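Student: Input structure: data33.cif, which contains mmCIF, C-alpha atoms and all ligand atoms.
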data_target
loop_
_atom_site.group_PDB
_atom_site.id
_atom_site.type_symbol
_atom_site.label_atom_id
_atom_site.label_comp_id
_atom_site.auth_asym_id
_atom_site.auth_seq_id
_atom_site.Cartn_x
_atom_site.Cartn_y
_atom_site.Cartn_z
ATOM 1 C CA MET A 2 118.570 236.013 134.229
ATOM 2 C CA LYS A 3 121.495 234.858 132.177
ATOM 3 C CA THR A 4 120.498 234.474 128.551
ATOM 4 C CA ASN A 5 122.900 231.770 127.419
ATOM 5 C CA GLY A 6 124.104 228.444 128.738
ATOM 6 C CA ASN A 7 120.696 227.546 130.179
ATOM 7 C CA THR A 8 118.652 224.406 129.636
ATOM 8 C CA ILE A 9 115.108 225.675 129.203
ATOM 9 C CA PHE A 10 111.801 223.823 129.090
ATOM 10 C CA ILE A 11 108.973 225.783 127.461
ATOM 11 C CA THR A 12 105.310 224.752 127.522
ATOM 12 C CA GLY A 13 103.305 225.805 124.486
ATOM 13 C CA GLY A 14 106.304 226.120 122.182
ATOM 14 C CA THR A 15 104.462 225.205 118.990
ATOM 15 C CA SER A 16 103.348 228.741 118.108
ATOM 16 C CA GLY A 17 103.149 232.408 119.035
ATOM 17 C CA ILE A 18 105.001 233.686 122.082
ATOM 18 C CA GLY A 19 106.304 230.269 123.158
ATOM 19 C CA ARG A 20 107.833 229.566 119.775
ATOM 20 C CA GLY A 21 109.240 233.107 119.561
ATOM 21 C CA ILE A 22 110.905 232.908 122.976
ATOM 22 C CA ALA A 23 112.144 229.362 122.244
ATOM 23 C CA GLU A 24 113.806 230.502 119.016
ATOM 24 C CA ALA A 25 115.298 233.605 120.656
ATOM 25 C CA PHE A 26 116.882 231.521 123.449
ATOM 26 C CA HIS A 27 118.007 228.908 120.919
ATOM 27 C CA ARG A 28 119.828 231.571 118.890
ATOM 28 C CA LEU A 29 121.579 232.767 122.066
ATOM 29 C CA GLY A 30 123.112 229.338 122.752
ATOM 30 C CA ASN A 31 120.685 227.680 125.151
ATOM 31 C CA GLN A 32 119.468 224.085 125.078
ATOM 32 C CA VAL A 33 115.756 224.566 124.497
ATOM 33 C CA ILE A 34 113.086 221.893 124.851
ATOM 34 C CA ILE A 35 109.615 222.834 123.651
ATOM 35 C CA SER A 36 106.323 221.092 124.305
ATOM 36 C CA GLY A 37 102.736 221.135 123.132
ATOM 37 C CA ARG A 38 100.049 218.859 121.766
ATOM 38 C CA ARG A 39 100.525 219.400 118.029
ATOM 39 C CA LYS A 40 103.225 216.899 117.035
ATOM 40 C CA ALA A 41 103.503 218.220 113.453
ATOM 41 C CA LEU A 42 104.302 221.703 114.765
ATOM 42 C CA LEU A 43 106.780 220.363 117.340
ATOM 43 C CA ASP A 44 108.570 218.654 114.427
ATOM 44 C CA GLU A 45 108.402 221.793 112.279
ATOM 45 C CA VAL A 46 109.935 223.997 114.991
ATOM 46 C CA THR A 47 112.728 221.562 115.901
ATOM 47 C CA THR A 48 113.564 220.988 112.221
ATOM 48 C CA ALA A 49 113.802 224.757 111.711
ATOM 49 C CA ASN A 50 116.059 225.046 114.784
ATOM 50 C CA PRO A 51 118.610 222.211 114.749
ATOM 51 C CA GLY A 52 119.518 221.124 118.286
ATOM 52 C CA MET A 53 116.214 222.223 119.773
ATOM 53 C CA ARG A 54 114.292 219.308 121.282
ATOM 54 C CA ALA A 55 110.605 218.636 121.753
ATOM 55 C CA VAL A 56 108.278 216.549 123.861
ATOM 56 C CA GLU A 57 104.553 216.025 123.433
ATOM 57 C CA LEU A 58 102.535 217.231 126.403
ATOM 58 C CA ASP A 59 98.914 218.070 127.081
ATOM 59 C CA ILE A 60 99.263 220.426 130.032
ATOM 60 C CA GLN A 61 95.692 219.622 131.138
ATOM 61 C CA ASP A 62 96.748 216.082 132.034
ATOM 62 C CA PRO A 63 98.429 215.745 135.461
ATOM 63 C CA GLN A 64 99.754 212.254 134.678
ATOM 64 C CA GLN A 65 101.441 213.494 131.500
ATOM 65 C CA ILE A 66 102.973 216.382 133.458
ATOM 66 C CA LYS A 67 104.512 213.974 135.973
ATOM 67 C CA ALA A 68 105.806 211.666 133.234
ATOM 68 C CA VAL A 69 107.287 214.522 131.188
ATOM 69 C CA ALA A 70 108.927 216.058 134.279
ATOM 70 C CA ALA A 71 110.601 212.719 135.056
ATOM 71 C CA GLN A 72 111.698 212.353 131.426
ATOM 72 C CA LEU A 73 113.149 215.896 131.383
ATOM 73 C CA VAL A 74 115.134 215.364 134.588
ATOM 74 C CA ARG A 75 116.491 212.096 133.200
ATOM 75 C CA ASP A 76 117.324 213.363 129.696
ATOM 76 C CA PHE A 77 118.345 216.934 130.606
ATOM 77 C CA PRO A 78 119.994 216.842 134.044
ATOM 78 C CA MET A 79 121.178 220.454 133.559
ATOM 79 C CA LEU A 80 117.588 221.732 133.175
ATOM 80 C CA ASN A 81 117.494 225.048 135.068
ATOM 81 C CA VAL A 82 114.678 227.115 133.528
ATOM 82 C CA LEU A 83 110.963 226.383 133.276
ATOM 83 C CA PHE A 84 108.831 228.728 131.176
ATOM 84 C CA ASN A 85 105.115 228.158 131.854
ATOM 85 C CA ASN A 86 103.621 229.601 128.702
ATOM 86 C CA ALA A 87 100.876 227.301 127.334
ATOM 87 C CA GLY A 88 97.468 228.937 127.448
ATOM 88 C CA ILE A 89 94.052 229.239 125.832
ATOM 89 C CA MET A 90 91.746 232.259 125.661
ATOM 90 C CA PRO A 91 88.121 231.383 124.950
ATOM 91 C CA PHE A 92 85.587 234.196 124.929
ATOM 92 C CA ASP A 93 82.658 233.736 127.320
ATOM 93 C CA ASP A 94 79.620 235.530 128.648
ATOM 94 C CA ALA A 95 79.717 236.112 132.366
ATOM 95 C CA ALA A 96 76.218 237.578 132.063
ATOM 96 C CA GLY A 97 74.849 234.260 130.853
ATOM 97 C CA GLU A 98 75.611 230.583 130.879
ATOM 98 C CA ILE A 99 79.298 229.715 130.841
ATOM 99 C CA ASP A 100 80.051 226.439 129.108
ATOM 100 C CA ASP A 101 81.348 224.208 131.883
ATOM 101 C CA GLU A 102 83.724 222.155 129.755
ATOM 102 C CA THR A 103 85.372 225.309 128.397
ATOM 103 C CA ALA A 104 85.684 226.862 131.855
ATOM 104 C CA VAL A 105 87.236 223.692 133.289
ATOM 105 C CA SER A 106 89.740 223.373 130.441
ATOM 106 C CA THR A 107 90.678 227.066 130.719
ATOM 107 C CA VAL A 108 91.427 226.714 134.429
ATOM 108 C CA ALA A 109 93.223 223.378 133.873
ATOM 109 C CA THR A 110 95.413 224.847 131.123
ATOM 110 C CA ASN A 111 96.136 228.365 132.357
ATOM 111 C CA LEU A 112 96.222 227.894 136.117
ATOM 112 C CA LEU A 113 96.557 224.236 137.131
ATOM 113 C CA GLY A 114 98.986 223.543 134.261
ATOM 114 C CA PRO A 115 101.671 225.955 135.537
ATOM 115 C CA VAL A 116 101.003 224.998 139.172
ATOM 116 C CA ARG A 117 101.406 221.277 138.429
ATOM 117 C CA MET A 118 104.357 221.709 136.057
ATOM 118 C CA THR A 119 106.209 223.875 138.564
ATOM 119 C CA SER A 120 105.487 221.486 141.450
ATOM 120 C CA ALA A 121 106.807 218.571 139.429
ATOM 121 C CA LEU A 122 110.074 220.325 138.504
ATOM 122 C CA LEU A 123 110.834 222.358 141.635
ATOM 123 C CA PRO A 124 112.667 219.555 143.499
ATOM 124 C CA HIS A 125 115.041 219.336 140.530
ATOM 125 C CA LEU A 126 115.297 223.107 139.977
ATOM 126 C CA LYS A 127 116.280 223.639 143.609
ATOM 127 C CA GLN A 128 119.418 221.573 142.926
ATOM 128 C CA GLN A 129 120.419 223.706 139.942
ATOM 129 C CA LYS A 130 122.489 226.869 139.659
ATOM 130 C CA ASP A 131 120.727 229.907 138.118
ATOM 131 C CA ALA A 132 117.292 228.280 138.345
ATOM 132 C CA VAL A 133 114.349 230.337 137.105
ATOM 133 C CA VAL A 134 110.614 229.724 136.806
ATOM 134 C CA ILE A 135 108.911 232.083 134.356
ATOM 135 C CA HIS A 136 105.138 232.471 134.372
ATOM 136 C CA ASN A 137 103.276 234.015 131.443
ATOM 137 C CA SER A 138 100.309 235.954 132.835
ATOM 138 C CA SER A 139 98.816 238.892 130.890
ATOM 139 C CA VAL A 140 97.940 242.544 131.304
ATOM 140 C CA LEU A 141 94.434 241.079 131.725
ATOM 141 C CA ALA A 142 95.649 239.823 135.113
ATOM 142 C CA PHE A 143 95.453 243.475 136.192
ATOM 143 C CA VAL A 144 92.505 244.712 134.092
ATOM 144 C CA PRO A 145 90.060 241.929 133.198
ATOM 145 C CA LEU A 146 88.622 241.847 129.701
ATOM 146 C CA ALA A 147 84.958 241.293 130.534
ATOM 147 C CA SER A 148 84.303 239.205 127.428
ATOM 148 C CA THR A 149 86.929 236.661 128.549
ATOM 149 C CA ALA A 150 86.005 236.578 132.227
ATOM 150 C CA VAL A 151 87.306 233.095 133.067
ATOM 151 C CA TYR A 152 90.541 233.627 131.108
ATOM 152 C CA SER A 153 91.160 236.960 132.848
ATOM 153 C CA ALA A 154 90.494 235.319 136.217
ATOM 154 C CA THR A 155 93.064 232.571 135.521
ATOM 155 C CA LYS A 156 95.650 235.214 134.655
ATOM 156 C CA ALA A 157 94.956 237.192 137.852
ATOM 157 C CA ALA A 158 95.366 233.898 139.694
ATOM 158 C CA ILE A 159 98.726 233.196 138.053
ATOM 159 C CA HIS A 160 99.942 236.662 139.040
ATOM 160 C CA SER A 161 98.889 235.964 142.629
ATOM 161 C CA TYR A 162 100.502 232.513 142.566
ATOM 162 C CA ALA A 163 103.765 233.965 141.220
ATOM 163 C CA LEU A 164 103.867 236.488 144.076
ATOM 164 C CA SER A 165 103.378 233.740 146.673
ATOM 165 C CA GLN A 166 105.867 231.433 145.027
ATOM 166 C CA ARG A 167 108.539 234.164 144.781
ATOM 167 C CA PHE A 168 108.129 234.830 148.491
ATOM 168 C CA MET A 169 108.242 231.163 149.452
ATOM 169 C CA LEU A 170 111.315 230.465 147.301
ATOM 170 C CA LYS A 171 113.345 233.355 148.705
ATOM 171 C CA GLY A 172 116.792 232.027 149.605
ATOM 172 C CA SER A 173 116.240 228.755 147.713
ATOM 173 C CA GLY A 174 118.207 229.838 144.655
ATOM 174 C CA VAL A 175 115.136 229.575 142.404
ATOM 175 C CA ARG A 176 113.960 232.910 140.968
ATOM 176 C CA VAL A 177 110.348 233.488 139.944
ATOM 177 C CA VAL A 178 109.720 235.827 137.015
ATOM 178 C CA GLU A 179 106.383 236.909 135.583
ATOM 179 C CA ILE A 180 105.911 238.206 132.079
ATOM 180 C CA ALA A 181 102.651 240.085 131.484
ATOM 181 C CA PRO A 182 102.171 240.502 127.736
ATOM 182 C CA PRO A 183 99.884 243.097 126.195
ATOM 183 C CA TRP A 184 97.749 242.124 123.196
ATOM 184 C CA VAL A 185 100.283 240.410 120.899
ATOM 185 C CA ASP A 186 99.349 239.412 117.351
ATOM 186 C CA THR A 187 99.265 235.605 117.656
ATOM 187 C CA ASP A 188 96.703 232.856 117.065
ATOM 188 C CA LEU A 189 95.641 232.930 120.727
ATOM 189 C CA VAL A 190 92.392 234.466 119.505
ATOM 190 C CA TYR A 191 92.901 235.246 115.848
ATOM 191 C CA LYS A 192 96.019 236.628 114.205
ATOM 192 C CA SER A 193 94.483 239.640 112.478
ATOM 193 C CA GLY A 194 97.219 242.230 112.089
ATOM 194 C CA ASP A 195 95.013 244.610 114.097
ATOM 195 C CA SER A 196 97.024 247.788 114.667
ATOM 196 C CA ARG A 197 96.291 247.672 118.408
ATOM 197 C CA ALA A 198 98.091 244.321 118.730
ATOM 198 C CA MET A 199 101.877 244.320 119.242
ATOM 199 C CA PRO A 200 103.776 242.538 116.449
ATOM 200 C CA LEU A 201 105.178 239.261 117.799
ATOM 201 C CA SER A 202 108.798 240.037 116.859
ATOM 202 C CA ASP A 203 108.712 243.401 118.710
ATOM 203 C CA PHE A 204 107.219 241.701 121.755
ATOM 204 C CA ILE A 205 109.861 238.951 121.778
ATOM 205 C CA ALA A 206 112.703 241.495 121.480
ATOM 206 C CA ALA A 207 111.329 243.627 124.353
ATOM 207 C CA THR A 208 110.693 240.587 126.546
ATOM 208 C CA MET A 209 114.151 239.097 125.983
ATOM 209 C CA ALA A 210 115.636 242.481 126.975
ATOM 210 C CA GLY A 211 113.494 242.547 130.140
ATOM 211 C CA LEU A 212 114.500 238.999 131.062
ATOM 212 C CA ALA A 213 118.172 239.849 130.541
ATOM 213 C CA GLU A 214 117.798 242.877 132.829
ATOM 214 C CA GLY A 215 116.755 240.546 135.640
ATOM 215 C CA LYS A 216 113.363 242.077 136.416
ATOM 216 C CA ASP A 217 110.883 240.091 138.514
ATOM 217 C CA GLU A 218 108.033 241.378 136.342
ATOM 218 C CA VAL A 219 108.584 241.907 132.659
ATOM 219 C CA TYR A 220 106.117 244.023 130.727
ATOM 220 C CA VAL A 221 106.516 246.199 127.673
ATOM 221 C CA GLU A 222 106.517 249.975 127.480
ATOM 222 C CA GLY A 223 103.117 251.544 127.192
ATOM 223 C CA ILE A 224 101.178 249.249 129.516
ATOM 224 C CA GLN A 225 102.112 250.887 132.797
ATOM 225 C CA ALA A 226 98.564 252.227 133.294
ATOM 226 C CA LEU A 227 97.175 248.703 132.927
ATOM 227 C CA ARG A 228 99.759 247.292 135.344
ATOM 228 C CA ASP A 229 98.964 250.031 137.847
ATOM 229 C CA ASN A 230 95.193 249.543 137.624
ATOM 230 C CA PRO A 231 94.519 247.435 140.724
ATOM 231 C CA GLY A 232 93.735 249.716 143.620
ATOM 232 C CA SER A 233 90.785 251.673 144.849
ATOM 233 C CA GLY A 234 90.448 253.441 141.486
ATOM 234 C CA GLU A 235 90.265 250.247 139.481
ATOM 235 C CA HIS A 236 86.539 250.310 138.760
ATOM 236 C CA ALA A 237 86.640 253.454 136.628
ATOM 237 C CA PHE A 238 89.747 252.305 134.763
ATOM 238 C CA PHE A 239 88.305 248.830 134.223
ATOM 239 C CA THR A 240 85.020 250.246 132.906
ATOM 240 C CA ALA A 241 86.716 252.645 130.472
ATOM 241 C CA PHE A 242 88.994 249.870 129.198
ATOM 242 C CA ASN A 243 86.099 247.488 128.581
ATOM 243 C CA GLN A 244 83.859 250.149 127.076
ATOM 244 C CA SER A 245 86.532 251.011 124.498
ATOM 245 C CA LEU A 246 86.934 247.323 123.556
ATOM 246 C CA LYS A 247 83.164 246.898 123.354
ATOM 247 C CA GLU A 248 83.024 249.750 120.864
ATOM 248 C CA ASN A 249 86.015 248.436 118.861
ATOM 249 C CA PRO A 250 86.042 244.670 119.530
ATOM 250 C CA ILE A 251 88.980 242.324 119.164
ATOM 251 C CA PRO A 252 88.636 240.443 115.829
ATOM 252 C CA VAL A 253 87.769 236.802 116.485
ATOM 253 C CA GLY A 254 88.041 235.384 112.961
ATOM 254 C CA HIS A 255 85.338 233.511 111.119
HETATM 255 N N1 LIG B 1 98.802 236.892 122.429
HETATM 256 C C1 LIG B 1 98.420 237.697 123.398
HETATM 257 O O1 LIG B 1 97.834 238.752 123.160
HETATM 258 C C2 LIG B 1 98.723 237.357 124.839
HETATM 259 C C3 LIG B 1 98.593 238.350 125.797
HETATM 260 C C4 LIG B 1 98.829 238.040 127.128
HETATM 261 C C5 LIG B 1 99.214 236.756 127.479
HETATM 262 N N2 LIG B 1 99.350 235.804 126.524
HETATM 263 C C6 LIG B 1 99.703 234.450 126.950
HETATM 264 O O2 LIG B 1 100.776 233.949 126.190
HETATM 265 C C7 LIG B 1 100.712 232.515 126.178
HETATM 266 C C8 LIG B 1 100.954 232.019 124.763
HETATM 267 O O3 LIG B 1 99.902 232.491 123.934
HETATM 268 P P1 LIG B 1 100.131 232.918 122.410
HETATM 269 O O4 LIG B 1 99.627 234.287 122.273
HETATM 270 O O5 LIG B 1 101.500 232.592 121.985
HETATM 271 O O6 LIG B 1 99.049 231.974 121.689
HETATM 272 P P2 LIG B 1 99.192 230.688 120.757
HETATM 273 O O7 LIG B 1 100.014 230.984 119.563
HETATM 274 O O8 LIG B 1 97.801 230.191 120.579
HETATM 275 O O9 LIG B 1 100.028 229.664 121.664
HETATM 276 C C9 LIG B 1 99.445 228.920 122.673
HETATM 277 C C10 LIG B 1 100.374 227.763 122.995
HETATM 278 O O10 LIG B 1 99.820 227.044 124.113
HETATM 279 C C11 LIG B 1 99.819 225.680 123.800
HETATM 280 N N3 LIG B 1 98.721 224.994 124.478
HETATM 281 C C12 LIG B 1 97.415 225.345 124.546
HETATM 282 N N4 LIG B 1 96.709 224.391 125.217
HETATM 283 C C13 LIG B 1 97.604 223.430 125.561
HETATM 284 C C14 LIG B 1 97.511 222.192 126.226
HETATM 285 N N5 LIG B 1 96.333 221.705 126.685
HETATM 286 N N6 LIG B 1 98.637 221.469 126.418
HETATM 287 C C15 LIG B 1 99.814 221.921 125.972
HETATM 288 N N7 LIG B 1 99.985 223.072 125.301
HETATM 289 C C16 LIG B 1 98.890 223.814 125.097
HETATM 290 C C17 LIG B 1 99.681 225.591 122.299
HETATM 291 O O11 LIG B 1 100.264 224.384 121.840
HETATM 292 P P3 LIG B 1 99.413 223.140 121.233
HETATM 293 O O12 LIG B 1 98.152 223.699 120.655
HETATM 294 O O13 LIG B 1 100.339 222.551 120.224
HETATM 295 O O14 LIG B 1 99.178 222.228 122.385
HETATM 296 C C18 LIG B 1 100.507 226.778 121.846
HETATM 297 O O15 LIG B 1 101.867 226.426 121.706
HETATM 298 C C19 LIG B 1 99.341 232.139 126.767
HETATM 299 O O16 LIG B 1 99.494 231.742 128.113
HETATM 300 C C20 LIG B 1 98.578 233.453 126.709
HETATM 301 O O17 LIG B 1 97.584 233.536 127.700
HETATM 302 C C21 LIG B 1 99.134 236.064 125.214
#
Output the file's structure in the form of structure tokens.

Tutor:
Amino acid sequence: MKTNGNTIFITGGTSGIGRGIAEAFHRLGNQVIISGRRKALLDEVTTANPGMRAVELDIQDPQQIKAVAAQLVRDFPMLNVLFNNAGIMPFDDAAGEIDDETAVSTVATNLLGPVRMTSALLPHLKQQKDAVVIHNSSVLAFVPLASTAVYSATKAAIHSYALSQRFMLKGSGVRVVEIAPPWVDTDLVYKSGDSRAMPLSDFIAATMAGLAEGKDEVYVEGIQALRDNPGSGEHAFFTAFNQSLKENPIPVGH
């Protein structure tokens, strides 16, 4: 995709990957609009990046999605890029009782959020030049982390949805891009500085390069084995991956 001259709406721009990508595009001369629930952080990010704009949005709320989409089309008629990034990653126990409220909010945020946001903006995006929808899945779309079973399932679903959407939008002028991050050191779980997590700035630099190259799927070097996991050999790979993380768990804070 082109990396300047776009008008880009980013969900979950208050922290982590969303903020990093927002600031990278802002520096390259794009009109960036971020969203999220935490108003104080929206203000902090836009103050730190003069010209960047923000809108409050709880991506779990379909009415808010419709209202924000209408507002964006009205206020930013050149809007041509949607980056579906907002997400939550609660740990769960698929061997026991899964808290229903948490499961519902995980699906509403990670799966229904991007589906609804994209549906609301596609009629507008189809009228734009250089239109792109970017979905943020995860390497866990390809190799589930067993201790976040519902999260991993939502990410596999987003990968599947992106494939279908790319096919259906062929010839429409709207490109569909998926980014599948590895473990990046953000507050998604707990920013711990764990050496297995990729530093955020390295991840943003690699992802911006992949987006500029025009790939349909953007993932960083070193995760090819994870990306290639699905297939008849996936059970052994999946088991080894989960066993290693069971022995050396991801820090979850206090
Ligand atoms: N970090 C990783 O290791 C990793 C790996 C693979 C994929 N990812 C994906 O990357 C995306 C961003 O995660 P991150 O690592 O940058 O974590 P993060 O720093 O916790 O950012 C999550 C973002 O999502 C927003 N969000 C969460 N629930 C929301 C809601 N109901 N409505 C609107 N916004 C909401 C948050 O904003 P508010 O709280 O202000 O609403 C925040 O801006 C997620 O989709 C995640 O699954 C991350």

Student: Residues picked by the PyMOL selection byres (((chain A and resi 175-188) around 6) and not hetatm) here, as a PyMOL selection string?

Tutor: chain A and resi 17+132-140+167+173-174+189-192+198-201+217-220

Student: Which is closest to A:Ala150 among A:Leu170, A:Ala68, A:Ile99, A:Val221, if we use all atoms listed in the file?

Tutor: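 Smallest distance to A:Ala150 is found for A:Ile99.
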
Student: Could you write out as a short mmCIF file (atom, residue, chain, number, x, y, z; two decimals) with C-alpha atoms, in the frame of the given file the residues that the PyMOL selection byres (((chain A and resi 20) around 12) and not hetatm) matches in the shown file?

Tutor:
data_model
loop_
_atom_site.label_atom_id
_atom_site.label_comp_id
_atom_site.auth_asym_id
_atom_site.auth_seq_id
_atom_site.Cartn_x
_atom_site.Cartn_y
_atom_site.Cartn_z
CA PHE A 10 111.80 223.82 129.09
CA ILE A 11 108.97 225.78 127.46
CA THR A 12 105.31 224.75 127.52
CA GLY A 13 103.30 225.80 124.49
CA GLY A 14 106.30 226.12 122.18
CA THR A 15 104.46 225.20 118.99
CA SER A 16 103.35 228.74 118.11
CA GLY A 17 103.15 232.41 119.04
CA ILE A 18 105.00 233.69 122.08
CA GLY A 19 106.30 230.27 123.16
CA GLY A 21 109.24 233.11 119.56
CA ILE A 22 110.90 232.91 122.98
CA ALA A 23 112.14 229.36 122.24
CA GLU A 24 113.81 230.50 119.02
CA ALA A 25 115.30 233.60 120.66
CA PHE A 26 116.88 231.52 123.45
CA HIS A 27 118.01 228.91 120.92
CA VAL A 33 115.76 224.57 124.50
CA ILE A 34 113.09 221.89 124.85
CA ILE A 35 109.62 222.83 123.65
CA SER A 36 106.32 221.09 124.30
CA GLY A 37 102.74 221.14 123.13
CA LEU A 42 104.30 221.70 114.76
CA LEU A 43 106.78 220.36 117.34
CA GLU A 45 108.40 221.79 112.28
CA VAL A 46 109.94 224.00 114.99
CA THR A 47 112.73 221.56 115.90
CA ALA A 49 113.80 224.76 111.71
CA ASN A 50 116.06 225.05 114.78
CA MET A 53 116.21 222.22 119.77
CA ALA A 55 110.60 218.64 121.75
CA PHE A 84 108.83 228.73 131.18
CA ASN A 86 103.62 229.60 128.70
CA ALA A 87 100.88 227.30 127.33
CA THR A 187 99.26 235.60 117.66
CA ASP A 188 96.70 232.86 117.06
CA LEU A 201 105.18 239.26 117.80
CA SER A 202 108.80 240.04 116.86
CA ILE A 205 109.86 238.95 121.78
#

Student: Pick from A:Asp94, A:Asp195, A:Glu235, A:Glu214: nearest to ligand LIG 1 (chain B), with all atoms listed in the file counted?

Tutor: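 Smallest separation from ligand LIG 1 (chain B) among the options: A:Asp195.
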
Student: Out of A:Met79, A:Ala158, A:Leu29, A:Leu73, which residue has the shortest atom-to-atom distance to A:Met118 when counting only C-alpha atoms?

Tutor: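 Looking only at the distances to A:Met118, the closest residue turns out to be A:Leu73.
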
Student: Which distance in Å separates atom CA of A:Lys216 and atom O11 of ligand LIG 1 (chain B), to one decimal?

Tutor: 26.4 Å

Student: Around all the atoms of stretch 231-238 of chain A listed in the file, draw an axis-aligned box and extend it by 3 Å on each of the six sides; I want its centre and edge lengths in Å to one decimal, as JSON.

Tutor:
{"center_x": 90.5, "center_y": 250.4, "center_z": 139.8, "size_x": 14.0, "size_y": 12.0, "size_z": 16.1}

Student: What does the distance between atom CA of A:Thr119 and atom CA of A:Ile66 come to in Å, to one decimal place?

Tutor: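 Between these atoms lies a distance of 9.6 Å.
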
Student: Closest to ligand LIG 1 (chain B) among A:Gly234, A:Gly254, A:Gly97, A:Gly88, using all atoms listed in the file?

Tutor: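 Result for the nearest residue to ligand LIG 1 (chain B): A:Gly88.
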
Student: Starting from the PyMOL selection byres (((chain A and resi 129) around 10) and not hetatm), expand the selection into actual residues of this file and give them as a VMD selection string.

Tutor: chain A and resid 78 to 82 123 to 128 130 to 133 174 to 175

Student: Find the residue from A:Gly215, A:Gly194, A:Pro51, A:Gly172 that sits nearest to ligand LIG 1 (chain B); use only C-alpha atoms and all ligand atoms when measuring.

Tutor: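 Of the candidates, the smallest distance to ligand LIG 1 (chain B) is held by A:Gly194.
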
Student: Near stretch 74-77 of chain A, counting only C-alpha atoms, which residues have an atom at most 9 Å away, once you skip same-chain residues fewer than 4 positions from it, shown as a PyMOL selection string?

Tutor: chain A and resi 8+69-70+122+125

Student: Report the distance between atom C12 of ligand LIG 1 (chain B) and atom CA of A:Arg117 in Å, rounded to one decimal place.

Tutor: 15.0 Å

Student: Calculated over only C-alpha atoms and all ligand atoms, which of the candidates A:Gly52, A:Pro250, A:Pro231, A:Pro91 has the smallest distance to ligand LIG 1 (chain B)?

Tutor: A:Pro91
